[in-house]
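Colleague: My structure is stored as start.cif, with mmCIF, C-alpha atoms.
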data_input
#
loop_
_atom_site.label_atom_id
_atom_site.label_comp_id
_atom_site.auth_asym_id
_atom_site.auth_seq_id
_atom_site.Cartn_x
_atom_site.Cartn_y
_atom_site.Cartn_z
CA MET A 1 113.25 104.91 167.33
CA LYS A 2 110.64 107.68 167.06
CA LEU A 3 107.12 106.30 166.85
CA TYR A 4 103.92 108.09 165.81
CA THR A 5 100.30 107.39 166.45
CA ILE A 6 97.98 107.43 163.48
CA GLY A 7 96.83 110.93 164.51
CA GLU A 8 100.40 112.19 164.73
CA LEU A 9 101.20 110.62 161.36
CA ALA A 10 98.19 112.39 159.86
CA SER A 11 99.33 115.75 161.25
CA LEU A 12 102.87 115.15 160.05
CA THR A 13 101.95 114.17 156.47
CA GLY A 14 98.78 116.18 155.93
CA GLN A 15 96.76 113.07 155.13
CA SER A 16 93.57 112.17 156.93
CA VAL A 17 93.38 109.54 159.63
CA ARG A 18 90.70 107.80 157.61
CA ARG A 19 92.95 107.60 154.54
CA ILE A 20 95.92 106.30 156.53
CA ARG A 21 93.74 103.70 158.19
CA PHE A 22 92.48 102.66 154.74
CA TYR A 23 96.04 102.16 153.49
CA SER A 24 96.89 100.28 156.64
CA ASP A 25 93.90 97.96 156.31
CA LYS A 26 94.84 97.29 152.66
CA GLY A 27 98.29 96.19 153.77
CA LEU A 28 100.04 99.13 152.06
CA LEU A 29 101.03 100.75 155.37
CA PRO A 30 101.04 98.19 158.14
CA PRO A 31 101.86 99.67 161.57
CA ASN A 32 105.42 99.24 162.71
CA ILE A 33 104.16 97.92 166.04
CA ARG A 34 101.02 98.13 168.15
CA SER A 35 100.92 99.61 171.61
CA ALA A 36 99.72 97.79 174.70
CA SER A 37 96.35 99.43 174.09
CA ASN A 38 96.41 98.07 170.50
CA TYR A 39 97.01 101.50 168.95
CA ARG A 40 98.83 101.52 165.63
CA LEU A 41 102.28 103.05 165.85
CA TYR A 42 104.38 104.14 162.89
CA ALA A 43 108.08 104.92 162.43
CA ASP A 44 109.95 107.49 160.31
CA ALA A 45 110.24 104.91 157.51
CA ASP A 46 106.44 104.77 157.41
CA VAL A 47 106.34 108.54 156.88
CA ALA A 48 108.45 108.10 153.72
CA ARG A 49 106.32 105.11 152.71
CA LEU A 50 103.13 107.15 153.07
CA ASP A 51 104.61 110.00 151.02
CA LEU A 52 105.45 107.50 148.26
CA ILE A 53 101.94 106.07 148.32
CA ARG A 54 100.44 109.55 148.06
CA ALA A 55 102.74 110.50 145.17
CA LEU A 56 101.85 107.32 143.30
CA ARG A 57 98.13 107.75 143.95
CA ASP A 58 98.29 111.38 142.78
CA ALA A 59 99.93 110.07 139.59
CA GLY A 60 97.02 107.69 139.14
CA VAL A 61 98.80 104.45 140.01
CA GLY A 62 96.41 101.75 141.20
CA LEU A 63 96.51 100.18 144.65
CA ALA A 64 97.41 96.74 143.26
CA ALA A 65 100.50 98.12 141.51
CA ILE A 66 101.52 100.04 144.65
CA GLU A 67 101.13 96.88 146.74
CA LYS A 68 103.40 94.94 144.36
CA LEU A 69 105.95 97.74 144.42
CA LEU A 70 106.00 97.91 148.22
CA ARG A 71 106.40 94.16 148.40
CA SER A 72 109.29 94.49 145.92
CA ARG A 73 107.54 92.46 143.25
CA LEU A 74 107.83 95.45 140.93
CA SER A 75 110.53 98.10 140.65
CA LEU A 76 109.69 101.78 140.95
CA ARG A 77 110.85 102.22 137.33
CA ASP A 78 108.39 99.57 136.13
CA VAL A 79 105.53 101.14 138.08
CA LEU A 80 106.27 104.65 136.82
CA ARG A 81 106.84 103.47 133.23
CA THR A 82 103.51 101.66 133.22
CA ARG A 83 101.69 104.65 134.66
CA LEU A 84 103.34 107.02 132.18
CA ASP A 85 102.30 104.81 129.26
CA ILE A 86 98.70 104.75 130.51
CA LEU A 87 98.70 108.49 131.16
CA GLU A 88 100.06 109.31 127.70
CA THR A 89 97.39 107.09 126.12
CA GLU A 90 94.72 108.91 128.10
CA ILE A 91 96.11 112.30 127.07
CA LEU A 92 96.15 111.34 123.39
CA ALA A 93 92.59 110.04 123.66
CA LYS A 94 91.45 113.32 125.22
CA ARG A 95 93.25 115.35 122.55
CA ARG A 96 91.60 113.29 119.83
CA THR A 97 88.23 113.81 121.50
CA ALA A 98 88.87 117.56 121.62
CA ALA A 99 89.77 117.52 117.91
CA VAL A 100 86.50 115.76 117.09
CA LEU A 101 84.53 118.30 119.12
CA ARG A 102 86.30 121.20 117.40
CA ALA A 103 85.65 119.65 113.98
CA THR A 104 81.97 119.21 114.85
CA LEU A 105 81.69 122.80 116.08
CA ARG A 106 83.02 124.01 112.73
CA VAL A 107 79.77 122.77 111.17
CA PRO A 108 77.47 125.85 111.02
CA ASP A 109 74.56 124.13 112.77
CA PRO A 110 75.88 120.78 114.06
CA ALA A 111 73.43 117.95 114.52
CA ALA A 112 73.75 114.62 116.28
CA ASN A 113 74.62 112.82 113.04
CA ASP A 114 77.54 115.23 112.45
CA LEU A 115 79.07 114.36 115.80
CA ARG A 116 78.35 110.66 115.33
CA ARG A 117 79.96 110.67 111.86
CA LEU A 118 83.13 112.45 112.99
CA TRP A 119 83.35 110.39 116.15
CA THR A 120 83.10 107.17 114.15
CA MET A 121 85.78 108.34 111.73
CA SER A 122 88.15 109.36 114.53
CA ARG A 123 87.76 105.93 116.12
CA LEU A 124 88.65 104.18 112.86
CA SER A 125 92.08 102.78 113.64
CA ASN A 126 95.08 103.01 111.33
CA ALA A 127 94.90 99.23 110.90
CA GLN A 128 91.24 99.47 109.87
CA MET A 129 92.07 102.26 107.42
CA ARG A 130 94.82 100.11 105.88
CA THR A 131 92.24 97.36 105.39
CA LEU A 132 89.98 99.88 103.63
CA VAL A 133 92.83 100.82 101.30
CA GLU A 134 93.68 97.18 100.61
CA THR A 135 90.06 96.46 99.75
CA PHE A 136 89.93 99.54 97.52
CA VAL A 137 93.12 98.55 95.68
CA ASP A 138 91.72 95.05 95.16
CA ARG A 139 88.55 96.54 93.68
CA ILE A 140 90.33 98.82 91.20
CA ALA A 141 92.86 96.11 90.28
CA GLU A 142 90.18 93.53 89.53
CA GLY A 143 90.82 91.95 86.14
CA ALA A 144 94.07 93.87 85.53
CA PRO A 145 97.45 92.08 85.41
CA ILE A 146 99.05 94.34 88.06
CA ASP A 147 102.33 92.90 89.36
CA ASP A 148 102.90 92.46 93.08
CA ASP A 149 105.69 95.04 93.36
CA TRP A 150 103.58 97.76 91.77
CA ARG A 151 100.61 96.87 93.97
CA GLU A 152 102.78 97.04 97.08
CA ARG A 153 104.11 100.47 96.07
CA MET A 154 100.54 101.61 95.47
CA MET A 155 99.61 100.44 98.96
CA GLU A 156 102.55 102.11 100.68
CA THR A 157 101.94 105.46 98.97
CA SER A 158 98.16 105.36 99.48
CA VAL A 159 97.70 104.26 103.10
CA PRO A 160 96.98 107.20 105.43
CA ASP A 161 97.80 107.35 109.14
CA LEU A 162 95.88 109.49 111.60
CA PRO A 163 98.38 111.20 113.95
CA ASP A 164 98.11 110.47 117.65
CA ASP A 165 97.28 114.11 118.30
CA PRO A 166 95.30 115.12 115.19
CA THR A 167 94.11 118.60 114.37
CA GLU A 168 90.48 119.15 113.44
CA GLU A 169 91.63 119.51 109.81
CA GLN A 170 93.27 116.08 109.98
CA ILE A 171 90.12 114.58 111.51
CA ALA A 172 88.15 116.02 108.58
CA ALA A 173 90.78 114.72 106.09
CA TRP A 174 90.58 111.26 107.71
CA GLU A 175 86.80 111.25 107.27
CA GLU A 176 87.00 112.44 103.65
CA ILE A 177 89.54 109.76 102.73
CA ALA A 178 87.36 107.04 104.27
CA THR A 179 84.41 108.39 102.28
CA LEU A 180 86.43 108.31 99.03
CA LEU A 181 87.57 104.75 99.69
CA GLU A 182 83.97 103.61 100.10
CA ASP A 183 82.74 105.51 97.01
CA GLU A 184 81.84 102.88 94.41
CA GLY A 185 81.79 105.49 91.63
CA PHE A 186 85.38 106.47 92.44
CA ALA A 187 86.41 102.80 92.46
CA GLN A 188 84.71 102.12 89.11
CA GLU A 189 86.38 105.16 87.56
CA LEU A 190 89.84 104.03 88.67
CA ARG A 191 89.11 100.41 87.76
CA ALA A 192 88.38 101.43 84.18
CA GLU A 193 91.56 103.49 83.97
CA THR A 194 93.62 100.72 85.57
CA SER A 195 92.33 98.15 83.10
CA ALA A 196 93.14 100.44 80.20
CA PHE A 197 96.64 101.06 81.50
CA TRP A 198 97.57 97.57 82.73
CA THR A 199 97.55 95.51 79.55
CA ASP A 200 99.74 92.58 78.60
CA ALA A 201 101.80 94.97 76.47
CA LEU A 202 102.76 97.19 79.42
CA ASP A 203 106.32 97.22 80.70
CA PRO A 204 105.83 98.68 84.24
CA ALA A 205 109.52 99.28 84.93
CA ALA A 206 110.03 101.07 81.60
CA TYR A 207 106.95 103.24 82.14
CA GLN A 208 108.05 104.22 85.65
CA ASP A 209 111.56 105.02 84.43
CA ALA A 210 110.16 107.19 81.61
CA SER A 211 107.81 108.97 84.05
CA LEU A 212 110.54 109.82 86.55
CA LYS A 213 112.97 111.05 83.90
CA THR A 214 110.30 113.13 82.18
CA TYR A 215 109.14 114.66 85.47
CA GLU A 216 112.72 115.78 86.25
CA VAL A 217 113.12 117.34 82.81
CA VAL A 218 109.73 119.05 82.95
CA THR A 219 110.37 120.41 86.44
CA ARG A 220 113.57 122.05 85.23
CA ALA A 221 111.72 123.48 82.23
CA VAL A 222 109.03 124.97 84.47
CA ASP A 223 111.70 126.45 86.78
CA GLN A 224 113.36 128.03 83.74
CA ASP A 225 110.03 129.48 82.55
CA LEU A 226 110.22 127.65 79.24
CA ALA A 227 106.99 127.86 77.29
CA PRO A 228 105.26 124.52 76.61
CA ASP A 229 104.91 125.39 72.92
CA SER A 230 108.58 126.33 72.57
CA ALA A 231 110.92 124.16 70.54
CA GLU A 232 112.35 122.77 73.78
CA GLY A 233 108.86 122.09 75.12
CA ARG A 234 107.75 120.24 72.01
CA ALA A 235 110.96 118.16 72.07
CA ILE A 236 110.33 117.16 75.70
CA ALA A 237 106.74 116.21 74.85
CA GLN A 238 107.78 114.15 71.83
CA GLU A 239 110.36 112.25 73.88
CA TRP A 240 107.74 111.54 76.57
CA LEU A 241 105.25 110.34 73.97
CA ARG A 242 107.86 108.10 72.40
CA THR A 243 109.09 106.50 75.65
CA SER A 244 105.69 106.16 77.34
CA ALA A 245 104.06 104.72 74.20
CA ARG A 246 106.88 102.22 73.81
CA ALA A 247 106.51 101.15 77.48
CA MET A 248 102.77 100.65 76.95
CA GLY A 249 103.03 98.97 73.57
CA ARG A 250 101.11 101.79 71.89
CA THR A 251 101.58 104.28 69.07
CA PRO A 252 102.40 107.93 70.01
CA ASP A 253 99.57 109.36 67.91
CA ARG A 254 96.79 111.85 68.61
CA ALA A 255 94.65 109.23 70.33
CA PHE A 256 97.53 108.50 72.68
CA ILE A 257 97.91 112.20 73.51
CA ASP A 258 94.19 112.46 74.21
CA TRP A 259 94.49 109.47 76.53
CA HIS A 260 97.34 111.16 78.44
CA ILE A 261 95.37 114.39 78.80
CA ALA A 262 92.28 112.53 79.98
CA GLN A 263 94.41 110.71 82.56
CA TYR A 264 95.74 114.00 83.88
CA ASP A 265 92.26 115.53 84.11
CA LYS A 266 90.99 112.55 86.09
CA LEU A 267 94.00 112.31 88.36
CA SER A 268 93.85 116.02 89.12
CA GLY A 269 90.23 115.54 90.25
CA ARG A 270 89.32 113.14 93.03
CA MET A 271 92.66 111.36 92.89
CA GLY A 272 94.40 114.70 93.25
CA ARG A 273 92.18 115.46 96.21
CA TYR A 274 93.14 112.11 97.76
CA ARG A 275 96.81 113.07 97.52
CA GLU A 276 96.13 116.44 99.14
CA LEU A 277 94.36 114.72 102.04
CA LEU A 278 97.27 112.29 102.48
CA ALA A 279 99.66 115.24 102.65
CA GLN A 280 97.51 116.88 105.34
CA LEU A 281 97.56 113.74 107.47
CA ARG A 282 101.33 113.45 107.09
CA GLY A 283 101.85 117.06 108.05
CA GLU A 284 103.35 117.82 104.66
CA THR A 285 103.01 121.09 102.79
CA VAL A 286 100.66 120.65 99.86
CA THR A 287 102.34 122.08 96.78
CA LYS A 288 101.15 122.41 93.21
CA ALA A 289 104.57 121.63 91.74
CA GLU A 290 103.61 118.19 90.49
CA SER A 291 100.32 119.43 89.06
CA ARG A 292 102.06 122.33 87.32
CA ALA A 293 104.64 119.97 85.81
CA TRP A 294 102.10 117.59 84.27
CA SER A 295 99.86 120.46 83.16
CA TRP A 296 102.88 121.98 81.39
CA LEU A 297 103.61 118.63 79.74
CA ASN A 298 100.02 118.28 78.52
CA ASP A 299 100.23 121.73 76.90
CA ALA A 300 103.56 120.73 75.34
CA MET A 301 102.02 117.54 73.91
CA LYS A 302 99.18 119.52 72.40
CA ALA A 303 101.71 121.80 70.76
CA ALA A 304 103.85 118.89 69.58
CA VAL A 305 100.99 117.09 67.84
CA PRO A 306 98.23 119.60 66.93
CA ALA A 307 94.67 118.36 66.54
#
Any chance you could give the structure as structure tokens?

Modeller:
Amino acid sequence: MKLYTIGELASLTGQSVRRIRFYSDKGLLPPNIRSASNYRLYADADVARLDLIRALRDAGVGLAAIEKLLRSRLSLRDVLRTRLDILETEILAKRRTAAVLRATLRVPDPAANDLRRLWTMSRLSNAQMRTLVETFVDRIAEGAPIDDDWRERMMETSVPDLPDDPTEEQIAAWEEIATLLEDEGFAQELRAETSAFWTDALDPAAYQDASLKTYEVVTRAVDQDLAPDSAEGRAIAQEWLRTSARAMGRTPDRAFIDWHIAQYDKLSGRMGRYRELLAQLRGETVTKAESRAWSWLNDAMKAAVPA
């Protein structure tokens, strides 16, 4: 069996004598035997063992994990899987940090509070953001008889998620959403509208069914370039007024039309912005199709029931 002194092992592997001695003292590379003069002697198997230690150390694996692997208390797969998981977490953290720095540098004259604000927002976890949304929904639903199914749908369509590797635009969208959710004025505005909509006379399922059917019809009308004040447009508007008023227990009169138009104006404001921000975080293309459809319907309602 070929044996090597620690100096020969260092020359053979390109590692320093000091490093090999360190591994040996830690029990990671015990000498195969010792000479009569008490010199450490290593075999060919130790050369392979030292190469493995170096590869694992270069990959960032800790000495404790290497020691368990060499003593067969962990498999190589387990060690590498653990290290890969840690490394990927570190990479994502660095990418997120870079995104925060880029977002801060987009401010014309960044100050410490700009960096602190963006850094705080980027560190807000998805779980914490969900809690913000839940609190917000509770605030706007206060006093309104919202059923559990509708509330759950509202939650699922309103909760944002910050990607693991966000762009600076997504970092900014994340911050803006958190700001909206903590805006008491925004909450009061939606609370008032929710209370007006969610009355004891409301049939939620009927209203949702009417909304979906009307949206499909209006989308086709927009695609066909039908004018809102055409006979077809007025007929679509009248059917929407009839079905939505019936679902809400109201009368499809001028006051009801004004209410619909006011709802659209409000939802196309800050609520519309919220939807745009959600789309950015989800990597979706923000389109104006939905806005165009409801704008067309509002014009059709105005034509159907003149002031």

Colleague: Could you check the closest approach to Ala178 of chain A for each of A:Asp161, A:Asp223, A:Glu193, A:Asp25 and tell me which residue wins, using all atoms listed in the file?

Modeller: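 Of A:Asp161, A:Asp223, A:Glu193, A:Asp25, the one nearest Ala178 of chain A is A:Asp161, counting all atoms listed in the file.
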
Colleague: With distances taken over only C-alpha atoms, which of A:Gln263, A:Ser244, A:Thr135, A:Ser11 is nearest to Asp183 of chain A?

Modeller: A:Thr135

Colleague: Could you check which of A:Ala206, A:Leu226, A:Ile177, A:Val107 is closest to Gln280 of chain A, using all atoms listed in the file?

Modeller: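 Closest to Gln280 of chain A, using all atoms listed in the file: A:Ile177.
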
Colleague: Which one is closest to Thr219 of chain A: A:Leu70, A:Ala55, A:Val137, A:Ala293? Count all atoms listed in the file.

Modeller: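 Residue with the minimum atom-to-atom distance to Thr219 of chain A: A:Ala293.
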
Colleague: With 5 Å of padding per side, what axis-aligned box (centre and edge lengths, Å, one decimal) covers all the listed atoms of segment 53-57 of chain A? Give it as JSON.

Modeller:
{"center_x": 100.4, "center_y": 108.3, "center_z": 145.8, "size_x": 14.6, "size_y": 14.4, "size_z": 15.0}

Colleague: With distances taken over all atoms listed in the file, which of A:Ala255, A:Ile53, A:Leu162, A:Leu9 is nearest to Leu278 of chain A?

Modeller: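 Of A:Ala255, A:Ile53, A:Leu162, A:Leu9, the one nearest Leu278 of chain A is A:Leu162, counting all atoms listed in the file.
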
Colleague: Take atom CA of Arg246 of chain A and atom CA of Trp259 of chain A and report the distance between them in Å, one decimal.

Modeller: 14.6 Å

Colleague: Please rebuild segment 169-180 of chain A with all heavy atoms and give the result as an mmCIF file, keeping the file's coordinate frame.

Modeller:
data_model
loop_
_atom_site.group_PDB
_atom_site.id
_atom_site.type_symbol
_atom_site.label_atom_id
_atom_site.label_comp_id
_atom_site.auth_asym_id
_atom_site.auth_seq_id
_atom_site.Cartn_x
_atom_site.Cartn_y
_atom_site.Cartn_z
ATOM 1 N N GLU A 169 91.505 119.656 111.256
ATOM 2 C CA GLU A 169 91.630 119.510 109.810
ATOM 3 C C GLU A 169 92.013 118.077 109.446
ATOM 4 O O GLU A 169 91.533 117.532 108.447
ATOM 5 C CB GLU A 169 92.687 120.482 109.273
ATOM 6 C CG GLU A 169 92.292 121.951 109.290
ATOM 7 C CD GLU A 169 92.451 122.586 110.656
ATOM 8 O OE1 GLU A 169 93.049 121.926 111.559
ATOM 9 O OE2 GLU A 169 91.971 123.718 110.851
ATOM 10 N N GLN A 170 92.868 117.468 110.254
ATOM 11 C CA GLN A 170 93.270 116.080 109.980
ATOM 12 C C GLN A 170 92.127 115.107 110.253
ATOM 13 O O GLN A 170 91.990 114.104 109.554
ATOM 14 C CB GLN A 170 94.503 115.732 110.803
ATOM 15 C CG GLN A 170 95.766 116.417 110.287
ATOM 16 C CD GLN A 170 96.961 116.226 111.200
ATOM 17 O OE1 GLN A 170 96.825 116.223 112.427
ATOM 18 N NE2 GLN A 170 98.137 116.076 110.618
ATOM 19 N N ILE A 171 91.305 115.411 111.265
ATOM 20 C CA ILE A 171 90.120 114.580 111.510
ATOM 21 C C ILE A 171 89.202 114.636 110.287
ATOM 22 O O ILE A 171 88.688 113.620 109.815
ATOM 23 C CB ILE A 171 89.351 115.069 112.753
ATOM 24 C CG1 ILE A 171 90.123 114.729 114.029
ATOM 25 C CG2 ILE A 171 87.959 114.455 112.817
ATOM 26 C CD1 ILE A 171 90.047 113.289 114.462
ATOM 27 N N ALA A 172 89.012 115.850 109.754
ATOM 28 C CA ALA A 172 88.150 116.020 108.580
ATOM 29 C C ALA A 172 88.762 115.313 107.361
ATOM 30 O O ALA A 172 88.053 114.699 106.557
ATOM 31 C CB ALA A 172 87.949 117.506 108.289
ATOM 32 N N ALA A 173 90.099 115.389 107.211
ATOM 33 C CA ALA A 173 90.780 114.720 106.090
ATOM 34 C C ALA A 173 90.630 113.204 106.220
ATOM 35 O O ALA A 173 90.406 112.500 105.227
ATOM 36 C CB ALA A 173 92.256 115.104 106.067
ATOM 37 N N TRP A 174 90.743 112.691 107.432
ATOM 38 C CA TRP A 174 90.580 111.260 107.710
ATOM 39 C C TRP A 174 89.194 110.796 107.276
ATOM 40 O O TRP A 174 89.036 109.761 106.636
ATOM 41 C CB TRP A 174 90.788 111.055 109.193
ATOM 42 C CG TRP A 174 90.852 109.654 109.702
ATOM 43 C CD1 TRP A 174 89.919 109.024 110.470
ATOM 44 C CD2 TRP A 174 91.911 108.713 109.538
ATOM 45 N NE1 TRP A 174 90.338 107.759 110.795
ATOM 46 C CE2 TRP A 174 91.552 107.536 110.239
ATOM 47 C CE3 TRP A 174 93.124 108.748 108.862
ATOM 48 C CZ2 TRP A 174 92.368 106.411 110.284
ATOM 49 C CZ3 TRP A 174 93.937 107.623 108.906
ATOM 50 C CH2 TRP A 174 93.559 106.484 109.605
ATOM 51 N N GLU A 175 88.177 111.603 107.630
ATOM 52 C CA GLU A 175 86.800 111.250 107.270
ATOM 53 C C GLU A 175 86.620 111.281 105.752
ATOM 54 O O GLU A 175 86.018 110.382 105.167
ATOM 55 C CB GLU A 175 85.821 112.233 107.915
ATOM 56 C CG GLU A 175 84.370 111.938 107.549
ATOM 57 C CD GLU A 175 83.475 113.156 107.641
ATOM 58 O OE1 GLU A 175 83.977 114.281 107.791
ATOM 59 O OE2 GLU A 175 82.256 112.985 107.538
ATOM 60 N N GLU A 176 87.175 112.312 105.099
ATOM 61 C CA GLU A 176 87.000 112.440 103.650
ATOM 62 C C GLU A 176 87.679 111.303 102.899
ATOM 63 O O GLU A 176 87.138 110.790 101.904
ATOM 64 C CB GLU A 176 87.539 113.795 103.179
ATOM 65 C CG GLU A 176 87.176 114.124 101.741
ATOM 66 C CD GLU A 176 87.577 115.523 101.319
ATOM 67 O OE1 GLU A 176 87.833 116.368 102.205
ATOM 68 O OE2 GLU A 176 87.636 115.777 100.106
ATOM 69 N N ILE A 177 88.857 110.877 103.371
ATOM 70 C CA ILE A 177 89.540 109.760 102.730
ATOM 71 C C ILE A 177 88.720 108.481 102.864
ATOM 72 O O ILE A 177 88.562 107.717 101.902
ATOM 73 C CB ILE A 177 90.944 109.554 103.343
ATOM 74 C CG1 ILE A 177 91.913 110.559 102.720
ATOM 75 C CG2 ILE A 177 91.451 108.137 103.102
ATOM 76 C CD1 ILE A 177 93.351 110.409 103.178
ATOM 77 N N ALA A 178 88.183 108.237 104.065
ATOM 78 C CA ALA A 178 87.360 107.040 104.270
ATOM 79 C C ALA A 178 86.143 107.068 103.344
ATOM 80 O O ALA A 178 85.749 106.038 102.786
ATOM 81 C CB ALA A 178 86.922 106.941 105.722
ATOM 82 N N THR A 179 85.565 108.243 103.162
ATOM 83 C CA THR A 179 84.410 108.390 102.280
ATOM 84 C C THR A 179 84.791 108.082 100.828
ATOM 85 O O THR A 179 84.066 107.391 100.105
ATOM 86 C CB THR A 179 83.828 109.812 102.375
ATOM 87 O OG1 THR A 179 83.439 110.065 103.727
ATOM 88 C CG2 THR A 179 82.611 109.961 101.472
ATOM 89 N N LEU A 180 85.964 108.582 100.395
ATOM 90 C CA LEU A 180 86.430 108.310 99.030
ATOM 91 C C LEU A 180 86.670 106.815 98.819
ATOM 92 O O LEU A 180 86.326 106.264 97.768
ATOM 93 C CB LEU A 180 87.717 109.089 98.756
ATOM 94 C CG LEU A 180 87.586 110.572 98.405
ATOM 95 C CD1 LEU A 180 88.959 111.232 98.380
ATOM 96 C CD2 LEU A 180 86.880 110.759 97.073
#
